[in-house]
Every structure is written in structure tokens, then in C-alpha cells.
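Just run_26.pdb here, PDB, C-alpha atoms and all ligand atoms:
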MODEL        1
ATOM      1  CA  MET M  11     -58.644 -22.645 -12.739
ATOM      2  CA  ILE M  12     -55.231 -21.705 -14.055
ATOM      3  CA  SER M  13     -55.315 -18.949 -16.624
ATOM      4  CA  ASN M  14     -52.995 -18.776 -19.602
ATOM      5  CA  TYR M  15     -51.321 -15.805 -18.007
ATOM      6  CA  GLN M  16     -50.478 -17.831 -14.879
ATOM      7  CA  THR M  17     -49.240 -20.712 -17.005
ATOM      8  CA  ILE M  18     -46.898 -18.385 -18.851
ATOM      9  CA  LEU M  19     -45.650 -16.871 -15.598
ATOM     10  CA  LEU M  20     -45.086 -20.301 -14.106
ATOM     11  CA  THR M  21     -43.233 -21.478 -17.190
ATOM     12  CA  MET M  22     -41.069 -18.383 -17.116
ATOM     13  CA  LEU M  23     -40.352 -18.879 -13.428
ATOM     14  CA  ILE M  24     -39.306 -22.488 -13.886
ATOM     15  CA  PHE M  25     -37.294 -21.613 -16.965
ATOM     16  CA  CYS M  26     -35.531 -18.673 -15.333
ATOM     17  CA  SER M  27     -34.789 -20.316 -12.013
ATOM     18  CA  GLY M  28     -33.457 -23.347 -13.811
ATOM     19  CA  SER M  29     -31.145 -21.492 -16.130
ATOM     20  CA  ILE M  30     -30.382 -17.789 -16.214
ATOM     21  CA  PHE M  31     -30.760 -17.013 -12.512
ATOM     22  CA  GLY M  32     -30.017 -20.514 -11.340
ATOM     23  CA  ASN M  33     -27.450 -19.494  -8.782
ATOM     24  CA  GLU M  34     -29.060 -16.302  -7.534
ATOM     25  CA  PHE M  35     -32.480 -17.468  -6.417
ATOM     26  CA  PRO M  36     -32.609 -20.346  -3.957
ATOM     27  CA  THR M  37     -35.689 -22.515  -4.495
ATOM     28  CA  PHE M  38     -38.402 -22.591  -1.873
ATOM     29  CA  SER M  39     -37.423 -26.081  -0.858
ATOM     30  CA  ASP M  40     -33.941 -24.880   0.091
ATOM     31  CA  LYS M  41     -33.625 -25.530   3.823
ATOM     32  CA  THR M  42     -29.888 -25.219   4.035
ATOM     33  CA  HIS M  43     -30.107 -21.463   4.633
ATOM     34  CA  VAL M  44     -29.042 -20.429   8.132
ATOM     35  CA  ASP M  45     -28.828 -16.988   9.677
ATOM     36  CA  LYS M  46     -25.420 -15.418   9.502
ATOM     37  CA  TRP M  47     -24.932 -13.748  12.856
ATOM     38  CA  ARG M  48     -22.243 -11.137  12.987
ATOM     39  CA  PRO M  49     -20.965  -9.487  16.149
ATOM     40  CA  MET M  50     -21.973  -5.930  16.947
ATOM     41  CA  LYS M  51     -18.999  -3.674  16.724
ATOM     42  CA  ASN M  52     -20.149  -0.942  19.025
ATOM     43  CA  LEU M  53     -21.975  -1.923  22.196
ATOM     44  CA  THR M  54     -22.378   1.695  23.301
ATOM     45  CA  ASP M  55     -24.022   2.715  20.032
ATOM     46  CA  THR M  56     -27.166   4.683  20.865
ATOM     47  CA  LYS M  57     -29.428   2.517  18.737
ATOM     48  CA  MET M  58     -28.111  -0.762  20.208
ATOM     49  CA  VAL M  59     -28.476   0.585  23.741
ATOM     50  CA  GLU M  60     -32.046   1.660  22.916
ATOM     51  CA  ILE M  61     -32.843  -1.864  21.726
ATOM     52  CA  GLY M  62     -31.348  -3.300  24.920
ATOM     53  CA  LYS M  63     -33.427  -0.908  27.020
ATOM     54  CA  PHE M  64     -36.516  -1.819  25.005
ATOM     55  CA  ALA M  65     -35.934  -5.515  25.745
ATOM     56  CA  VAL M  66     -35.688  -4.871  29.487
ATOM     57  CA  ARG M  67     -38.739  -2.571  29.487
ATOM     58  CA  GLU M  68     -40.808  -5.069  27.526
ATOM     59  CA  HIS M  69     -39.726  -7.948  29.771
ATOM     60  CA  ASN M  70     -40.600  -5.896  32.876
ATOM     61  CA  SER M  71     -44.085  -5.162  31.618
ATOM     62  CA  ARG M  72     -44.742  -8.762  30.537
ATOM     63  CA  ASP M  73     -43.347 -10.526  33.585
ATOM     64  CA  LYS M  74     -43.960  -7.789  36.184
ATOM     65  CA  THR M  75     -40.253  -7.599  36.978
ATOM     66  CA  LYS M  76     -38.273  -4.511  37.893
ATOM     67  CA  LEU M  77     -35.004  -4.998  36.076
ATOM     68  CA  MET M  78     -32.932  -1.929  35.361
ATOM     69  CA  PHE M  79     -30.834  -1.865  32.215
ATOM     70  CA  TYR M  80     -27.196  -1.365  33.014
ATOM     71  CA  LYS M  81     -25.255  -2.075  29.814
ATOM     72  CA  LEU M  82     -24.802  -4.308  26.804
ATOM     73  CA  VAL M  83     -21.991  -6.823  27.135
ATOM     74  CA  GLU M  84     -22.424  -8.745  23.907
ATOM     75  CA  GLY M  85     -24.450  -8.480  20.767
ATOM     76  CA  GLU M  86     -25.011 -10.250  17.491
ATOM     77  CA  ILE M  87     -27.050  -9.083  14.558
ATOM     78  CA  VAL M  88     -28.592 -10.577  11.423
ATOM     79  CA  GLU M  89     -29.712  -8.049   8.866
ATOM     80  CA  GLY M  90     -32.407  -8.958   6.431
ATOM     81  CA  TYR M  91     -36.071  -8.435   5.697
ATOM     82  CA  ASP M  92     -36.409  -8.308   9.472
ATOM     83  CA  THR M  93     -33.325  -7.527  11.513
ATOM     84  CA  LYS M  94     -32.619  -9.761  14.491
ATOM     85  CA  TYR M  95     -30.631  -8.779  17.532
ATOM     86  CA  ASN M  96     -29.260 -11.280  20.013
ATOM     87  CA  LEU M  97     -28.186  -9.267  23.024
ATOM     88  CA  THR M  98     -26.481 -10.075  26.287
ATOM     89  CA  ILE M  99     -27.575  -7.432  28.750
ATOM     90  CA  THR M 100     -26.324  -6.668  32.218
ATOM     91  CA  ALA M 101     -29.208  -5.531  34.399
ATOM     92  CA  LYS M 102     -29.854  -4.919  38.060
ATOM     93  CA  ASP M 103     -32.910  -6.232  39.822
ATOM     94  CA  GLY M 104     -34.688  -3.259  41.356
ATOM     95  CA  VAL M 105     -36.576  -5.543  43.748
ATOM     96  CA  CYS M 106     -33.579  -7.270  45.300
ATOM     97  CA  ASP M 107     -32.033  -5.399  48.193
ATOM     98  CA  ASN M 108     -28.503  -6.247  47.180
ATOM     99  CA  ASN M 109     -29.070  -4.988  43.605
ATOM    100  CA  ILE M 110     -26.456  -7.292  42.112
ATOM    101  CA  ALA M 111     -25.955  -6.977  38.364
ATOM    102  CA  LYS M 112     -26.730 -10.103  36.380
ATOM    103  CA  ASN M 113     -26.581 -11.060  32.721
ATOM    104  CA  TYR M 114     -29.605 -11.803  30.575
ATOM    105  CA  THR M 115     -30.002 -12.692  26.905
ATOM    106  CA  ALA M 116     -32.675 -11.112  24.772
ATOM    107  CA  LEU M 117     -33.746 -11.804  21.225
ATOM    108  CA  VAL M 118     -35.303  -8.774  19.543
ATOM    109  CA  VAL M 119     -36.650  -8.558  16.001
ATOM    110  CA  GLU M 120     -37.040  -5.267  14.189
ATOM    111  CA  GLU M 121     -39.507  -5.133  11.321
ATOM    112  CA  GLN M 122     -37.713  -3.084   8.730
ATOM    113  CA  PHE M 123     -40.829  -1.741   7.031
ATOM    114  CA  MET M 124     -42.462  -0.142  10.076
ATOM    115  CA  LYS M 125     -39.354  -0.100  12.290
ATOM    116  CA  ILE M 126     -41.315  -1.908  15.007
ATOM    117  CA  LEU M 127     -39.422  -3.808  17.698
ATOM    118  CA  HIS M 128     -40.596  -7.164  19.041
ATOM    119  CA  LEU M 129     -39.162  -8.962  22.041
ATOM    120  CA  VAL M 130     -38.987 -12.626  21.029
ATOM    121  CA  SER M 131     -37.377 -14.004  24.158
ATOM    122  CA  PHE M 132     -35.747 -12.833  27.358
ATOM    123  CA  ARG M 133     -33.771 -15.324  29.407
ATOM    124  CA  GLY M 134     -31.691 -15.181  32.496
ATOM    125  CA  PRO M 135     -29.972 -14.575  34.709
ATOM    126  CA  ILE M 136     -27.369 -16.609  32.868
TER     127      ILE M 136
HETATM  128  C1  LIG M 201     -19.777   3.900  19.729
HETATM  129  O1  LIG M 201     -20.981   4.665  19.767
HETATM  130  C2  LIG M 201     -20.912   5.773  20.671
HETATM  131  C3  LIG M 201     -22.296   6.409  20.720
HETATM  132  O2  LIG M 201     -22.817   6.619  19.421
HETATM  133  C4  LIG M 201     -19.826   6.734  20.213
HETATM  134  O3  LIG M 201     -19.745   7.796  21.101
HETATM  135  C5  LIG M 201     -18.499   5.987  20.150
HETATM  136  O4  LIG M 201     -17.521   6.823  19.623
HETATM  137  C6  LIG M 201     -18.620   4.748  19.274
HETATM  138  N1  LIG M 201     -17.381   3.976  19.373
HETATM  139  C7  LIG M 201     -16.780   3.450  18.315
HETATM  140  C8  LIG M 201     -15.550   2.648  18.594
HETATM  141  O5  LIG M 201     -17.186   3.634  17.169
HETATM  142  C1  LIG M 202     -27.572 -15.563  21.563
HETATM  143  O1  LIG M 202     -26.330 -15.435  22.217
HETATM  144  C2  LIG M 202     -26.199 -16.288  23.324
HETATM  145  C3  LIG M 202     -24.882 -15.940  24.015
HETATM  146  O2  LIG M 202     -23.831 -15.838  23.120
HETATM  147  C4  LIG M 202     -26.272 -17.734  22.874
HETATM  148  O3  LIG M 202     -26.163 -18.592  23.962
HETATM  149  C5  LIG M 202     -27.592 -17.962  22.173
HETATM  150  O4  LIG M 202     -27.659 -19.263  21.654
HETATM  151  C6  LIG M 202     -27.790 -16.973  21.053
HETATM  152  N1  LIG M 202     -29.138 -17.081  20.516
HETATM  153  C7  LIG M 202     -29.389 -17.180  19.202
HETATM  154  C8  LIG M 202     -30.834 -17.246  18.814
HETATM  155  O5  LIG M 202     -28.505 -17.209  18.355
HETATM  156  C1  LIG M 203     -21.697 -10.653  32.077
HETATM  157  O1  LIG M 203     -21.047 -10.977  30.866
HETATM  158  C2  LIG M 203     -19.778 -10.357  30.707
HETATM  159  C3  LIG M 203     -19.259 -10.690  29.324
HETATM  160  O2  LIG M 203     -19.381 -12.044  29.027
HETATM  161  C4  LIG M 203     -18.847 -10.844  31.808
HETATM  162  O3  LIG M 203     -17.603 -10.205  31.692
HETATM  163  C5  LIG M 203     -19.464 -10.494  33.159
HETATM  164  O4  LIG M 203     -18.683 -11.015  34.198
HETATM  165  C6  LIG M 203     -20.871 -11.060  33.275
HETATM  166  N1  LIG M 203     -21.489 -10.568  34.481
HETATM  167  C7  LIG M 203     -22.182 -11.363  35.288
HETATM  168  C8  LIG M 203     -22.802 -10.683  36.467
HETATM  169  O5  LIG M 203     -22.342 -12.555  35.077
ENDMDL
END
Could you spell out this file's structure in C-alpha cells?
Ligand SMILES: *[C@@H]1O[C@H](CO)[C@@H](O)[C@H](O)[C@H]1NC(C)=O
Ligand SMILES: *[C@@H]1O[C@H](CO)[C@@H](O)[C@H](O)[C@H]1NC(C)=O
Ligand SMILES: *[C@@H]1O[C@H](CO)[C@@H](O)[C@H](O)[C@H]1NC(C)=O
Amino acid sequence: MISNYQTILLTMLIFCSGSIFGNEFPTFSDKTHVDKWRPMKNLTDTKMVEIGKFAVREHNSRDKTKLMFYKLVEGEIVEGYDTKYNLTITAKDGVCDNNIAKNYTALVVEEQFMKILHLVSFRGPI
């Protein structure tokens, strides 16, 4: 059952989104929004390096690998409700005798509220 209060709220919402705030609030059916990646300026920044190391650590524990973080070579970031990091990481394989450095890409999401990191994907060597 829809209460009067909800009806009023709904009316206000439709009214406002259609007129006063028309350009500020995209409607829920708006699918044209795409993430705006911007390049990371500082690839030696402590926080970025920590996120890169987290990605390698997490990948090692999930896939029982022994990669060793070496450095970040590329990074893109989208800031928002959750911040996304698309990192290109150079790592060495601790299992291989030759220990050649290879590049990997990792997608990490940071929940802004709790500051919790999640490894979304880890691919490579590329
Ligand atoms: C990048 O970050 C590192 C570590 O925080 C700092 O030492 C260095 O000066 C920064 N470089 C630039 C260009 O800001
Ligand atoms: C992350 O960056 C890599 C290398 O630039 C690119 O190939 C890949 O598509 C990017 N991933 C996302 C989710 O944007
Ligand atoms: C890793 O990526 C960097 C930057 O794109 C490139 O200069 C380097 O040669 C790559 N290393 C390997 C081992 O592919």
C-alpha cells in the first residue's frame, strides 16, 4: 500500500528531477554513464605502491603463486563512491629459476566507507 507520505515524496521527486534539478541528477534509466579513468600521476606514491603490493599478495594467496611485487609501471584511477584502480604491475615469479620480471594488470576496488580493498581481477603476464 502506498501511503500519502510516499505519494507526496514521489510527486516531489518527479517534479524536482523534471524541472529544478533536471540537469544535476541523472535518472536511473541513464545508461550512458561511463567511468572516467584518469592516469595516476605518481607511480611511486606510497599508497599506490601499497595497493599494488596488496594485489600481488591477494593473487598469491588465491592462486597459490609466488609473485614478488617489483614496481608499478602504469596506473589509472576512477574516484567515486568506490574508488577503482587499474594497475600495471611488474613482478618477478619467485618460483621460476630465472626470476624474469613480467607485467600483470590488476583491478582493485577500494570501498571508501570502510577503506577495504578488493582484488577484482589479476591478469598476466601480459
Ligand atoms: C611520488 O611519491 C613519492 C613517495 O611518496 C615521493 O617521494 C615523490 O616525491 C613523489 N613524486 C612526485 C613527482 O610527486
Ligand atoms: C586497465 O589497463 C589495461 C592496460 O592499459 C587495459 O588493457 C585494460 O583494459 C584496463 N582495464 C580497465 C577495466 O579499464
Ligand atoms: C612492462 O611495462 C612497461 C611499461 O609499459 C614496459 O616499459 C616494460 O618493458 C614492460 N616489461 C615487461 C617485462 O614486459
| request: Find the distance between CA of Phe64 (chain M) and atom C1 of ligand LIG 202 (chain M) and write it in Å to one decimal. | output: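 Taking CA of Phe64 (chain M) and atom C1 of ligand LIG 202 (chain M), their separation equals 16.8 Å.
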| How would you write, as a PyMOL selection string, the residues chosen by the PyMOL selection byres (((chain M and resi 118) around 7) and not hetatm) on this structure? | chain M and resi 94-96+116-117+119-120+127-130
Create the file for the chosen residues now, containing C-alpha atoms and written as a PDB file, in the frame of the given file.
ATOM      1  CA  LYS M  94     -32.619  -9.761  14.491  1.00  0.00           C
ATOM      2  CA  TYR M  95     -30.631  -8.779  17.532  1.00  0.00           C
ATOM      3  CA  ASN M  96     -29.260 -11.280  20.013  1.00  0.00           C
ATOM      4  CA  ALA M 116     -32.675 -11.112  24.772  1.00  0.00           C
ATOM      5  CA  LEU M 117     -33.746 -11.804  21.225  1.00  0.00           C
ATOM      6  CA  VAL M 119     -36.650  -8.558  16.001  1.00  0.00           C
ATOM      7  CA  GLU M 120     -37.040  -5.267  14.189  1.00  0.00           C
ATOM      8  CA  LEU M 127     -39.422  -3.808  17.698  1.00  0.00           C
ATOM      9  CA  HIS M 128     -40.596  -7.164  19.041  1.00  0.00           C
ATOM     10  CA  LEU M 129     -39.162  -8.962  22.041  1.00  0.00           C
ATOM     11  CA  VAL M 130     -38.987 -12.626  21.029  1.00  0.00           C
TER      12      VAL M 130
END
So that each row is one residue of chain M with an atom at most 12 Å from ligand LIG 202 (chain M), can you give its shortest atom pair and the distance in Å to one decimal, using all atoms listed in the file, rows by chain and rising number, as JSON lines?
{"residue": "M:Val44", "atom": "CA", "partner": "M:LIG202", "partner_atom": "O5", "distance": 10.7}
{"residue": "M:Asp45", "atom": "CA", "partner": "M:LIG202", "partner_atom": "O5", "distance": 8.7}
{"residue": "M:Lys46", "atom": "CA", "partner": "M:LIG202", "partner_atom": "O5", "distance": 9.5}
{"residue": "M:Trp47", "atom": "CA", "partner": "M:LIG202", "partner_atom": "O5", "distance": 7.4}
{"residue": "M:Arg48", "atom": "CA", "partner": "M:LIG202", "partner_atom": "O5", "distance": 10.2}
{"residue": "M:Pro49", "atom": "CA", "partner": "M:LIG202", "partner_atom": "O2", "distance": 9.9}
{"residue": "M:Met50", "atom": "CA", "partner": "M:LIG202", "partner_atom": "O1", "distance": 11.7}
{"residue": "M:Leu82", "atom": "CA", "partner": "M:LIG202", "partner_atom": "C3", "distance": 12.0}
{"residue": "M:Val83", "atom": "CA", "partner": "M:LIG202", "partner_atom": "O2", "distance": 10.0}
{"residue": "M:Glu84", "atom": "CA", "partner": "M:LIG202", "partner_atom": "O2", "distance": 7.3}
{"residue": "M:Gly85", "atom": "CA", "partner": "M:LIG202", "partner_atom": "O1", "distance": 7.3}
{"residue": "M:Glu86", "atom": "CA", "partner": "M:LIG202", "partner_atom": "O1", "distance": 7.1}
{"residue": "M:Ile87", "atom": "CA", "partner": "M:LIG202", "partner_atom": "O5", "distance": 9.1}
{"residue": "M:Val88", "atom": "CA", "partner": "M:LIG202", "partner_atom": "O5", "distance": 9.6}
{"residue": "M:Lys94", "atom": "CA", "partner": "M:LIG202", "partner_atom": "C8", "distance": 8.8}
{"residue": "M:Tyr95", "atom": "CA", "partner": "M:LIG202", "partner_atom": "C1", "distance": 8.5}
{"residue": "M:Asn96", "atom": "CA", "partner": "M:LIG202", "partner_atom": "C1", "distance": 4.9}
{"residue": "M:Leu97", "atom": "CA", "partner": "M:LIG202", "partner_atom": "O1", "distance": 6.5}
{"residue": "M:Thr98", "atom": "CA", "partner": "M:LIG202", "partner_atom": "C3", "distance": 6.5}
{"residue": "M:Ile99", "atom": "CA", "partner": "M:LIG202", "partner_atom": "C3", "distance": 10.1}
{"residue": "M:Asn113", "atom": "CA", "partner": "M:LIG202", "partner_atom": "C3", "distance": 10.1}
{"residue": "M:Tyr114", "atom": "CA", "partner": "M:LIG202", "partner_atom": "C3", "distance": 9.1}
{"residue": "M:Thr115", "atom": "CA", "partner": "M:LIG202", "partner_atom": "C2", "distance": 6.3}
{"residue": "M:Ala116", "atom": "CA", "partner": "M:LIG202", "partner_atom": "C1", "distance": 7.5}
{"residue": "M:Leu117", "atom": "CA", "partner": "M:LIG202", "partner_atom": "C8", "distance": 6.6}
{"residue": "M:Val118", "atom": "CA", "partner": "M:LIG202", "partner_atom": "C8", "distance": 9.6}
{"residue": "M:Val119", "atom": "CA", "partner": "M:LIG202", "partner_atom": "C8", "distance": 10.8}
{"residue": "M:Val130", "atom": "CA", "partner": "M:LIG202", "partner_atom": "C8", "distance": 9.6}
{"residue": "M:Ser131", "atom": "CA", "partner": "M:LIG202", "partner_atom": "C8", "distance": 9.0}
{"residue": "M:Phe132", "atom": "CA", "partner": "M:LIG202", "partner_atom": "C1", "distance": 10.4}
{"residue": "M:Arg133", "atom": "CA", "partner": "M:LIG202", "partner_atom": "C2", "distance": 9.8}
{"residue": "M:Gly134", "atom": "CA", "partner": "M:LIG202", "partner_atom": "O3", "distance": 10.7}
{"residue": "M:Pro135", "atom": "CA", "partner": "M:LIG202", "partner_atom": "C3", "distance": 11.9}
{"residue": "M:Ile136", "atom": "CA", "partner": "M:LIG202", "partner_atom": "O3", "distance": 9.2}
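Once the PyMOL selection byres (((chain M and resi 111) around 8) and not hetatm) is applied to the shown structure, the selection contains Tyr80, Thr100, Ala101, Lys102, Asp103, Asn109, Ile110, Lys112 and Asn113 of chain M.
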| task | Give the residue list for ligand LIG 201 (chain M) at 7 Å, counting all atoms listed in the file, as an MDAnalysis selection string, sorted by chain and then by residue number. | result | chainID M and resid 52:56
Restricting the output to C-alpha atoms, write the selected residues as an mmCIF file, in the coordinates of the input.
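The resulting file, selection22.cif, is reproduced below:
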data_model
loop_
_atom_site.group_PDB
_atom_site.id
_atom_site.type_symbol
_atom_site.label_atom_id
_atom_site.label_comp_id
_atom_site.auth_asym_id
_atom_site.auth_seq_id
_atom_site.Cartn_x
_atom_site.Cartn_y
_atom_site.Cartn_z
ATOM 1 C CA ASN M 52 -20.149 -0.942 19.025
ATOM 2 C CA LEU M 53 -21.975 -1.923 22.196
ATOM 3 C CA THR M 54 -22.378 1.695 23.301
ATOM 4 C CA ASP M 55 -24.022 2.715 20.032
ATOM 5 C CA THR M 56 -27.166 4.683 20.865
#
